[in-house]
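What follows is the content of final.pdb (PDB, C-alpha atoms).
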```pdb
MODEL        1
ATOM      1  CA  MET J  17      99.396  97.277 120.798
ATOM      2  CA  LYS J  18     102.974  97.302 119.578
ATOM      3  CA  VAL J  19     104.196  97.698 115.987
ATOM      4  CA  VAL J  20     107.583  96.655 114.625
ATOM      5  CA  THR J  21     108.520  97.909 111.154
ATOM      6  CA  ILE J  22     110.942  95.904 109.011
ATOM      7  CA  PRO J  23     111.722  97.374 105.551
ATOM      8  CA  ALA J  24     111.956  94.053 103.749
ATOM      9  CA  GLY J  25     113.393  92.886 100.469
ATOM     10  CA  ILE J  26     115.257  94.785  97.792
ATOM     11  CA  TYR J  27     112.255  97.106  97.313
ATOM     12  CA  ALA J  28     112.105  97.937 101.049
ATOM     13  CA  ALA J  29     108.401  97.240 101.413
ATOM     14  CA  ASN J  30     107.399  97.763 105.020
ATOM     15  CA  CYS J  31     106.704  94.473 106.755
ATOM     16  CA  TYR J  32     104.852  95.010 110.021
ATOM     17  CA  LEU J  33     104.686  92.824 113.101
ATOM     18  CA  VAL J  34     101.649  93.894 115.084
ATOM     19  CA  TYR J  35     101.190  92.309 118.470
ATOM     20  CA  SER J  36      99.509  92.473 121.839
ATOM     21  CA  GLU J  37     101.833  93.170 124.746
ATOM     22  CA  ASN J  38      99.449  91.226 126.975
ATOM     23  CA  THR J  39      99.143  87.996 124.992
ATOM     24  CA  LYS J  40     102.068  88.088 122.489
ATOM     25  CA  LYS J  41      99.543  87.090 119.813
ATOM     26  CA  ALA J  42     100.564  88.748 116.545
ATOM     27  CA  ILE J  43     100.061  89.159 112.823
ATOM     28  CA  VAL J  44     102.554  89.739 110.032
ATOM     29  CA  ILE J  45     101.577  92.275 107.375
ATOM     30  CA  ASP J  46     103.272  92.154 103.950
ATOM     31  CA  PRO J  47     106.419  90.028 104.374
ATOM     32  CA  GLY J  48     108.165  91.125 101.186
ATOM     33  CA  GLY J  49     111.530  89.456 101.833
ATOM     34  CA  ASP J  50     114.366  89.287 104.373
ATOM     35  CA  VAL J  51     112.601  86.464 106.169
ATOM     36  CA  ASP J  52     115.653  85.815 108.364
ATOM     37  CA  ASP J  53     115.262  89.315 109.802
ATOM     38  CA  ILE J  54     111.524  88.866 110.265
ATOM     39  CA  MET J  55     111.954  85.513 112.002
ATOM     40  CA  ALA J  56     114.735  86.868 114.215
ATOM     41  CA  LYS J  57     112.447  89.640 115.464
ATOM     42  CA  ILE J  58     109.549  87.219 115.985
ATOM     43  CA  GLU J  59     111.790  84.975 118.069
ATOM     44  CA  GLU J  60     113.384  87.878 119.960
ATOM     45  CA  LEU J  61     109.945  89.126 121.014
ATOM     46  CA  ASN J  62     108.593  85.596 121.565
ATOM     47  CA  LEU J  63     105.581  86.317 119.365
ATOM     48  CA  ASP J  64     102.825  83.854 118.571
ATOM     49  CA  ILE J  65     101.962  84.637 114.935
ATOM     50  CA  GLU J  66      98.353  83.860 114.018
ATOM     51  CA  TYR J  67      97.975  85.270 110.487
ATOM     52  CA  ILE J  68      99.903  86.653 107.523
ATOM     53  CA  ILE J  69      97.802  89.454 106.032
ATOM     54  CA  LEU J  70      98.608  90.969 102.643
ATOM     55  CA  THR J  71      97.514  94.505 101.803
ATOM     56  CA  HIS J  72      97.670  93.641  98.093
ATOM     57  CA  GLY J  73      99.162  91.150  95.685
ATOM     58  CA  HIS J  74     102.251  92.826  94.221
ATOM     59  CA  GLY J  75     105.541  90.927  94.267
ATOM     60  CA  ASP J  76     107.408  93.359  96.491
ATOM     61  CA  HIS J  77     104.857  92.757  99.272
ATOM     62  CA  ILE J  78     104.547  88.983  98.940
ATOM     63  CA  GLY J  79     108.155  88.009  98.215
ATOM     64  CA  GLY J  80     108.797  86.388 101.583
ATOM     65  CA  VAL J  81     105.408  84.762 102.172
ATOM     66  CA  LEU J  82     106.239  81.191 101.173
ATOM     67  CA  GLU J  83     109.519  81.135 103.062
ATOM     68  CA  LEU J  84     107.901  82.653 106.137
ATOM     69  CA  LYS J  85     105.057  80.141 105.969
ATOM     70  CA  SER J  86     107.626  77.339 105.973
ATOM     71  CA  PHE J  87     108.676  78.522 109.444
ATOM     72  CA  ILE J  88     105.270  79.525 110.798
ATOM     73  CA  ASP J  89     102.420  77.628 109.172
ATOM     74  CA  VAL J  90      99.615  80.142 109.618
ATOM     75  CA  PRO J  91      96.808  81.243 107.256
ATOM     76  CA  ILE J  92      97.583  83.716 104.467
ATOM     77  CA  ALA J  93      94.839  86.297 103.953
ATOM     78  CA  ILE J  94      94.248  88.657 101.014
ATOM     79  CA  HIS J  95      91.223  90.469  99.615
ATOM     80  CA  LYS J  96      89.237  88.332  97.202
ATOM     81  CA  GLU J  97      89.759  90.821  94.352
ATOM     82  CA  ASP J  98      93.541  90.309  94.506
ATOM     83  CA  GLU J  99      93.462  86.522  94.746
ATOM     84  CA  TYR J 100      94.207  86.207  91.010
ATOM     85  CA  MET J 101      97.431  88.157  91.460
ATOM     86  CA  LEU J 102      98.858  85.736  94.004
ATOM     87  CA  LYS J 103      98.453  82.830  91.608
ATOM     88  CA  ASN J 104     100.160  84.449  88.611
ATOM     89  CA  GLY J 105     103.697  85.826  88.553
ATOM     90  CA  ASN J 106     102.914  88.029  85.571
ATOM     91  CA  GLN J 107      99.885  89.540  87.287
ATOM     92  CA  ASN J 108     101.689  90.168  90.571
ATOM     93  CA  LEU J 109     104.695  91.530  88.660
ATOM     94  CA  SER J 110     107.196  89.257  90.445
ATOM     95  CA  SER J 111     108.204  87.761  87.095
ATOM     96  CA  GLN J 112     109.623  91.219  86.254
ATOM     97  CA  MET J 113     111.343  91.689  89.626
ATOM     98  CA  VAL J 114     114.730  90.542  90.849
ATOM     99  CA  MET J 115     113.329  87.915  93.219
ATOM    100  CA  GLY J 116     111.837  85.961  90.321
ATOM    101  CA  THR J 117     108.380  84.521  89.865
ATOM    102  CA  ILE J 118     106.308  84.032  93.002
ATOM    103  CA  GLU J 119     103.008  82.180  92.882
ATOM    104  CA  LEU J 120     100.972  80.997  95.840
ATOM    105  CA  ASN J 121      97.469  80.418  97.141
ATOM    106  CA  ALA J 122      95.671  82.288  99.898
ATOM    107  CA  ASP J 123      93.975  80.497 102.778
ATOM    108  CA  ILE J 124      91.514  83.296 103.569
ATOM    109  CA  LEU J 125      89.790  85.610 101.067
ATOM    110  CA  LEU J 126      88.868  88.864 102.733
ATOM    111  CA  GLU J 127      85.999  91.235 102.113
ATOM    112  CA  ASP J 128      85.347  94.790 103.235
ATOM    113  CA  GLY J 129      84.305  94.908 106.867
ATOM    114  CA  ASP J 130      85.814  91.564 107.836
ATOM    115  CA  GLU J 131      87.431  91.397 111.259
ATOM    116  CA  ILE J 132      90.381  89.249 112.273
ATOM    117  CA  SER J 133      91.037  88.838 115.978
ATOM    118  CA  PHE J 134      94.411  87.950 117.472
ATOM    119  CA  GLY J 135      94.764  87.953 121.221
ATOM    120  CA  ASP J 136      92.982  91.016 122.551
ATOM    121  CA  LEU J 137      93.361  92.935 119.268
ATOM    122  CA  THR J 138      91.074  93.102 116.249
ATOM    123  CA  ALA J 139      92.056  94.010 112.701
ATOM    124  CA  LYS J 140      89.261  95.564 110.647
ATOM    125  CA  ILE J 141      89.576  95.142 106.877
ATOM    126  CA  ILE J 142      88.869  98.255 104.795
ATOM    127  CA  HIS J 143      88.683  97.703 101.030
ATOM    128  CA  THR J 144      90.730 100.516  99.471
ATOM    129  CA  PRO J 145      91.054  99.793  95.744
ATOM    130  CA  GLY J 146      93.003 101.955  93.333
ATOM    131  CA  HIS J 147      96.567 100.674  93.520
ATOM    132  CA  THR J 148      95.155  97.196  92.895
ATOM    133  CA  PRO J 149      91.523  96.042  92.654
ATOM    134  CA  GLY J 150      91.736  94.223  95.980
ATOM    135  CA  GLY J 151      93.946  96.604  97.899
ATOM    136  CA  ILE J 152      93.072  96.847 101.575
ATOM    137  CA  SER J 153      93.887  98.974 104.545
ATOM    138  CA  ILE J 154      93.925  97.355 107.975
ATOM    139  CA  LYS J 155      92.647  99.301 110.976
ATOM    140  CA  ILE J 156      93.847  98.169 114.382
ATOM    141  CA  GLY J 157      93.104 100.479 117.292
ATOM    142  CA  ASN J 158      94.078 104.019 116.326
ATOM    143  CA  SER J 159      96.371 102.842 113.524
ATOM    144  CA  ILE J 160      95.755 102.074 109.849
ATOM    145  CA  PHE J 161      98.130 100.017 107.717
ATOM    146  CA  THR J 162      97.532 101.400 104.238
ATOM    147  CA  GLY J 163      99.758  99.261 102.011
ATOM    148  CA  ASP J 164     100.484 101.106  98.772
ATOM    149  CA  THR J 165      97.296 103.180  98.902
ATOM    150  CA  LEU J 166      98.504 106.121 100.996
ATOM    151  CA  PHE J 167     102.078 107.172 101.788
ATOM    152  CA  ALA J 168     103.492 110.067 103.767
ATOM    153  CA  GLY J 169     103.034 112.943 101.324
ATOM    154  CA  SER J 170     102.086 110.756  98.388
ATOM    155  CA  ILE J 171      99.844 107.986  97.078
ATOM    156  CA  GLY J 172     100.362 104.628  95.426
ATOM    157  CA  ARG J 173     100.964 104.192  91.721
ATOM    158  CA  THR J 174      97.915 103.635  89.562
ATOM    159  CA  ASP J 175      99.598 102.859  86.243
ATOM    160  CA  PHE J 176      99.889  99.112  86.849
ATOM    161  CA  PRO J 177      97.220  96.764  85.465
ATOM    162  CA  GLY J 178      94.085  97.053  87.582
ATOM    163  CA  GLY J 179      95.050 100.466  88.943
ATOM    164  CA  SER J 180      92.733 103.469  88.988
ATOM    165  CA  TYR J 181      93.599 107.027  89.997
ATOM    166  CA  LYS J 182      89.936 107.857  90.535
ATOM    167  CA  GLU J 183      89.500 104.838  92.793
ATOM    168  CA  ILE J 184      92.614 105.412  94.879
ATOM    169  CA  ILE J 185      91.679 109.030  95.581
ATOM    170  CA  SER J 186      88.159 107.941  96.513
ATOM    171  CA  SER J 187      89.545 105.226  98.776
ATOM    172  CA  ILE J 188      91.815 107.659 100.596
ATOM    173  CA  LYS J 189      89.252 110.440 100.952
ATOM    174  CA  ASN J 190      86.247 108.289 101.817
ATOM    175  CA  ARG J 191      87.766 105.332 103.640
ATOM    176  CA  ILE J 192      91.014 106.436 105.325
ATOM    177  CA  ILE J 193      91.193 110.125 106.190
ATOM    178  CA  ILE J 194      87.667 110.021 107.616
ATOM    179  CA  TYR J 195      89.232 108.806 110.851
ATOM    180  CA  PRO J 196      90.376 111.143 113.656
ATOM    181  CA  ASP J 197      93.372 113.387 113.022
ATOM    182  CA  GLU J 198      95.573 111.485 115.456
ATOM    183  CA  THR J 199      95.072 108.168 113.634
ATOM    184  CA  ILE J 200      98.522 106.816 112.745
ATOM    185  CA  ILE J 201      99.144 105.802 109.118
ATOM    186  CA  TYR J 202     101.603 102.967 108.544
ATOM    187  CA  PRO J 203     102.243 102.836 104.773
ATOM    188  CA  GLY J 204     103.658 100.126 102.535
ATOM    189  CA  HIS J 205     106.877 102.098 101.955
ATOM    190  CA  GLY J 206     108.534 104.935 103.817
ATOM    191  CA  PRO J 207     107.852 106.564 107.185
ATOM    192  CA  ALA J 208     104.680 106.586 109.246
ATOM    193  CA  THR J 209     102.443 109.647 109.263
ATOM    194  CA  ASN J 210      98.970 110.512 110.519
ATOM    195  CA  VAL J 211      95.604 111.601 109.186
ATOM    196  CA  LYS J 212      96.052 115.240 110.226
ATOM    197  CA  ILE J 213      99.371 115.609 108.418
ATOM    198  CA  GLU J 214      98.086 114.002 105.231
ATOM    199  CA  LYS J 215      94.904 116.100 105.120
ATOM    200  CA  ALA J 216      96.987 119.242 105.529
ATOM    201  CA  ASN J 217     100.019 118.473 103.384
ATOM    202  CA  ASN J 218      99.459 115.622 100.916
ATOM    203  CA  PRO J 219      99.326 117.327  97.495
ATOM    204  CA  PHE J 220      97.074 114.611  96.074
ATOM    205  CA  LEU J 221      94.360 115.316  98.632
ATOM    206  CA  ARG J 222      94.009 119.058  98.161
TER     207      ARG J 222
ENDMDL
END
```
Represent the structure contained in this file as structure tokens.
Amino acid sequence: MKVVTIPAGIYAANCYLVYSENTKKAIVIDPGGDVDDIMAKIEELNLDIEYIILTHGHGDHIGGVLELKSFIDVPIAIHKEDEYMLKNGNQNLSSQMVMGTIELNADILLEDGDEISFGDLTAKIIHTPGHTPGGISIKIGNSIFTGDTLFAGSIGRTDFPGGSYKEIISSIKNRIIIYPDETIIYPGHGPATNVKIEKANNPFLR
């Protein structure tokens, strides 16, 4: 498995290209903007994109979805509890962001435990609410893409509508850091980390 990180859009949300070296089958996680850069990397690596998967419905993580889908017409997947956010620019906060209102429909509504296969890789969906009601983390191999649930040394905001501090802490403690210490964490913003580092150093988890 290979991972390419593209900090995308004015809010530098991490867009991830995750692909199999063997098959070149790939997924795009959270294309928040800068679609030209995303497409250039897809073409450079000759990737065959099969899905666009969204960790949650906030504008900074969905800003490039419609443009990207115009180039690669693949299914858009989001957890069912965040579907309402995609359809409403006020709910997904894009109407308050510089990119302007973004509203779209998902093709696939995910639930906890769902699995999405691409090539010889499988993405397991872990429902991790707290930042948003339908926030998910995506486990592929020994890596977890945590969206805005868990960051290196921090956690996602819980003061937006639908957020819950109690839920986000529960999600992190009971659904993410239960995995082996060497499990790599790829967050929605900022650098990668791992389970061991976050258990030892994240002030929100002490």
10 Å contact set for Pro203 in chain J, all atoms listed in the file, chain neighbours under 3 positions out, as an mmCIF file with C-alpha atoms, in the frame of the given file:
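What landed in result11.cif:
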```cif
data_model
loop_
_atom_site.group_PDB
_atom_site.id
_atom_site.type_symbol
_atom_site.label_atom_id
_atom_site.label_comp_id
_atom_site.auth_asym_id
_atom_site.auth_seq_id
_atom_site.Cartn_x
_atom_site.Cartn_y
_atom_site.Cartn_z
ATOM 1 C CA ALA J 29 108.401 97.240 101.413
ATOM 2 C CA ASN J 30 107.399 97.763 105.020
ATOM 3 C CA CYS J 31 106.704 94.473 106.755
ATOM 4 C CA TYR J 32 104.852 95.010 110.021
ATOM 5 C CA SER J 153 93.887 98.974 104.545
ATOM 6 C CA ILE J 160 95.755 102.074 109.849
ATOM 7 C CA PHE J 161 98.130 100.017 107.717
ATOM 8 C CA THR J 162 97.532 101.400 104.238
ATOM 9 C CA GLY J 163 99.758 99.261 102.011
ATOM 10 C CA ASP J 164 100.484 101.106 98.772
ATOM 11 C CA THR J 165 97.296 103.180 98.902
ATOM 12 C CA LEU J 166 98.504 106.121 100.996
ATOM 13 C CA PHE J 167 102.078 107.172 101.788
ATOM 14 C CA ALA J 168 103.492 110.067 103.767
ATOM 15 C CA ILE J 171 99.844 107.986 97.078
ATOM 16 C CA GLY J 172 100.362 104.628 95.426
ATOM 17 C CA ILE J 200 98.522 106.816 112.745
ATOM 18 C CA GLY J 206 108.534 104.935 103.817
ATOM 19 C CA PRO J 207 107.852 106.564 107.185
ATOM 20 C CA ALA J 208 104.680 106.586 109.246
ATOM 21 C CA THR J 209 102.443 109.647 109.263
#
```
Check your understanding: CA of Ala139 in chain J and CA of Asp175 in chain J are how many Å apart?
Key -> 28.9 Å
Practice item. May I have the residues within 12 Å of Gly157 in chain J as a PyMOL selection string, using only C-alpha atoms and disregarding those fewer than 6 positions away in the same chain? Key: chain J and resi 17-19+34-36+133+136-140+195-196+198-201
Practice item. Rank J:Leu82, J:Ile185, J:Ile152, J:Leu33 by their smallest atom-to-atom distance to Ile118 in chain J, using only C-alpha atoms, and report the top residue only. Key: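 Closest residue, counting only C-alpha atoms: J:Leu82.
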Practice item. Enter the distance from CA of Ile68 in chain J to CA of Ser187 in chain J, in Å, rounded to one decimal. Key: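 Distance between the two atoms: 23.0 Å.
Among the candidates J:His95, J:His74, J:Arg191, J:His143, the residue lying nearest to Glu119 in chain J is J:His74 (atoms considered: all atoms listed in the file).
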Write out as a tab-separated table the residues of range 72-110 of chain J that have any atom within 7 Å of an atom of range 120-129 of chain J, one row each with the nearest atom pair and its distance in Å to one decimal, counting all atoms listed in the file, sorted by chain and then rising number.
```
residue	atom	partner	partner_atom	distance
J:Pro91	CA	J:Asp123	CA	5.4
J:Ile92	CA	J:Asp123	CA	5.1
J:Ala93	CA	J:Ile124	CA	4.5
J:Ile94	CA	J:Leu125	CA	5.4
J:His95	CA	J:Leu126	CA	4.2
J:Lys96	CA	J:Leu125	CA	4.8
J:Leu102	CA	J:Leu120	CA	5.5
J:Lys103	CA	J:Leu120	CA	5.3
```
Could you work out an axis-aligned box for range 171-188 of chain J, taking every atom the file lists and adding 3 Å on each side, and report centre and edge lengths in Å to one decimal, as JSON?
```
{"center_x": 94.6, "center_y": 102.9, "center_z": 93.0, "size_x": 18.8, "size_y": 18.3, "size_z": 21.1}
```
Point to revise | Among listed residues J:Asp76, J:Asp89, J:Glu66, J:Glu60, nearest Ala24 in chain J (using only C-alpha atoms) | key: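 So, comparing all the options, the nearest one is J:Asp76.
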Practice item. Could you give me, as number ranges by chain, the residues that have an atom at most 6 Å away from the point (101.4, 85.5, 115.3) in the coordinates of the file, using only C-alpha atoms? Key: J: 41-43, 63-67
Check your understanding: Which value, in Å to one decimal, gives the distance between CA of Val81 in chain J and CA of Pro23 in chain J?
Key -> 14.5 Å
Review point. Between J:Lys85, J:His72, J:His77, J:Lys189, which one has atoms that come closest to His147 in chain J, using only C-alpha atoms?
Key: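 Once distances to His147 in chain J are computed over only C-alpha atoms, the minimum belongs to J:His72.
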Exercise for review: Within 8 Å of range 213-219 of chain J, counting all atoms listed in the file, which residues show up once you throw out same-chain ones fewer than 6 positions away? Write them as a VMD selection string, please.
Suggested key: chain J and resid 168 to 170 193 197
Evaluate the PyMOL selection byres ((chain J and resi 107) around 12) and report residues as a PDB file with C-alpha atoms, in the frame of the given file:
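Wrote out-v5.pdb, looks like this:
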```pdb
ATOM      1  CA  HIS J  72      97.670  93.641  98.093  1.00  0.00           C
ATOM      2  CA  GLY J  73      99.162  91.150  95.685  1.00  0.00           C
ATOM      3  CA  HIS J  74     102.251  92.826  94.221  1.00  0.00           C
ATOM      4  CA  GLY J  75     105.541  90.927  94.267  1.00  0.00           C
ATOM      5  CA  ASP J  98      93.541  90.309  94.506  1.00  0.00           C
ATOM      6  CA  GLU J  99      93.462  86.522  94.746  1.00  0.00           C
ATOM      7  CA  TYR J 100      94.207  86.207  91.010  1.00  0.00           C
ATOM      8  CA  MET J 101      97.431  88.157  91.460  1.00  0.00           C
ATOM      9  CA  LEU J 102      98.858  85.736  94.004  1.00  0.00           C
ATOM     10  CA  LYS J 103      98.453  82.830  91.608  1.00  0.00           C
ATOM     11  CA  ASN J 104     100.160  84.449  88.611  1.00  0.00           C
ATOM     12  CA  GLY J 105     103.697  85.826  88.553  1.00  0.00           C
ATOM     13  CA  ASN J 106     102.914  88.029  85.571  1.00  0.00           C
ATOM     14  CA  ASN J 108     101.689  90.168  90.571  1.00  0.00           C
ATOM     15  CA  LEU J 109     104.695  91.530  88.660  1.00  0.00           C
ATOM     16  CA  SER J 110     107.196  89.257  90.445  1.00  0.00           C
ATOM     17  CA  SER J 111     108.204  87.761  87.095  1.00  0.00           C
ATOM     18  CA  GLN J 112     109.623  91.219  86.254  1.00  0.00           C
ATOM     19  CA  MET J 113     111.343  91.689  89.626  1.00  0.00           C
ATOM     20  CA  THR J 117     108.380  84.521  89.865  1.00  0.00           C
ATOM     21  CA  ILE J 118     106.308  84.032  93.002  1.00  0.00           C
ATOM     22  CA  GLU J 119     103.008  82.180  92.882  1.00  0.00           C
ATOM     23  CA  THR J 148      95.155  97.196  92.895  1.00  0.00           C
ATOM     24  CA  PRO J 149      91.523  96.042  92.654  1.00  0.00           C
ATOM     25  CA  PHE J 176      99.889  99.112  86.849  1.00  0.00           C
ATOM     26  CA  PRO J 177      97.220  96.764  85.465  1.00  0.00           C
ATOM     27  CA  GLY J 178      94.085  97.053  87.582  1.00  0.00           C
TER      28      GLY J 178
END
```
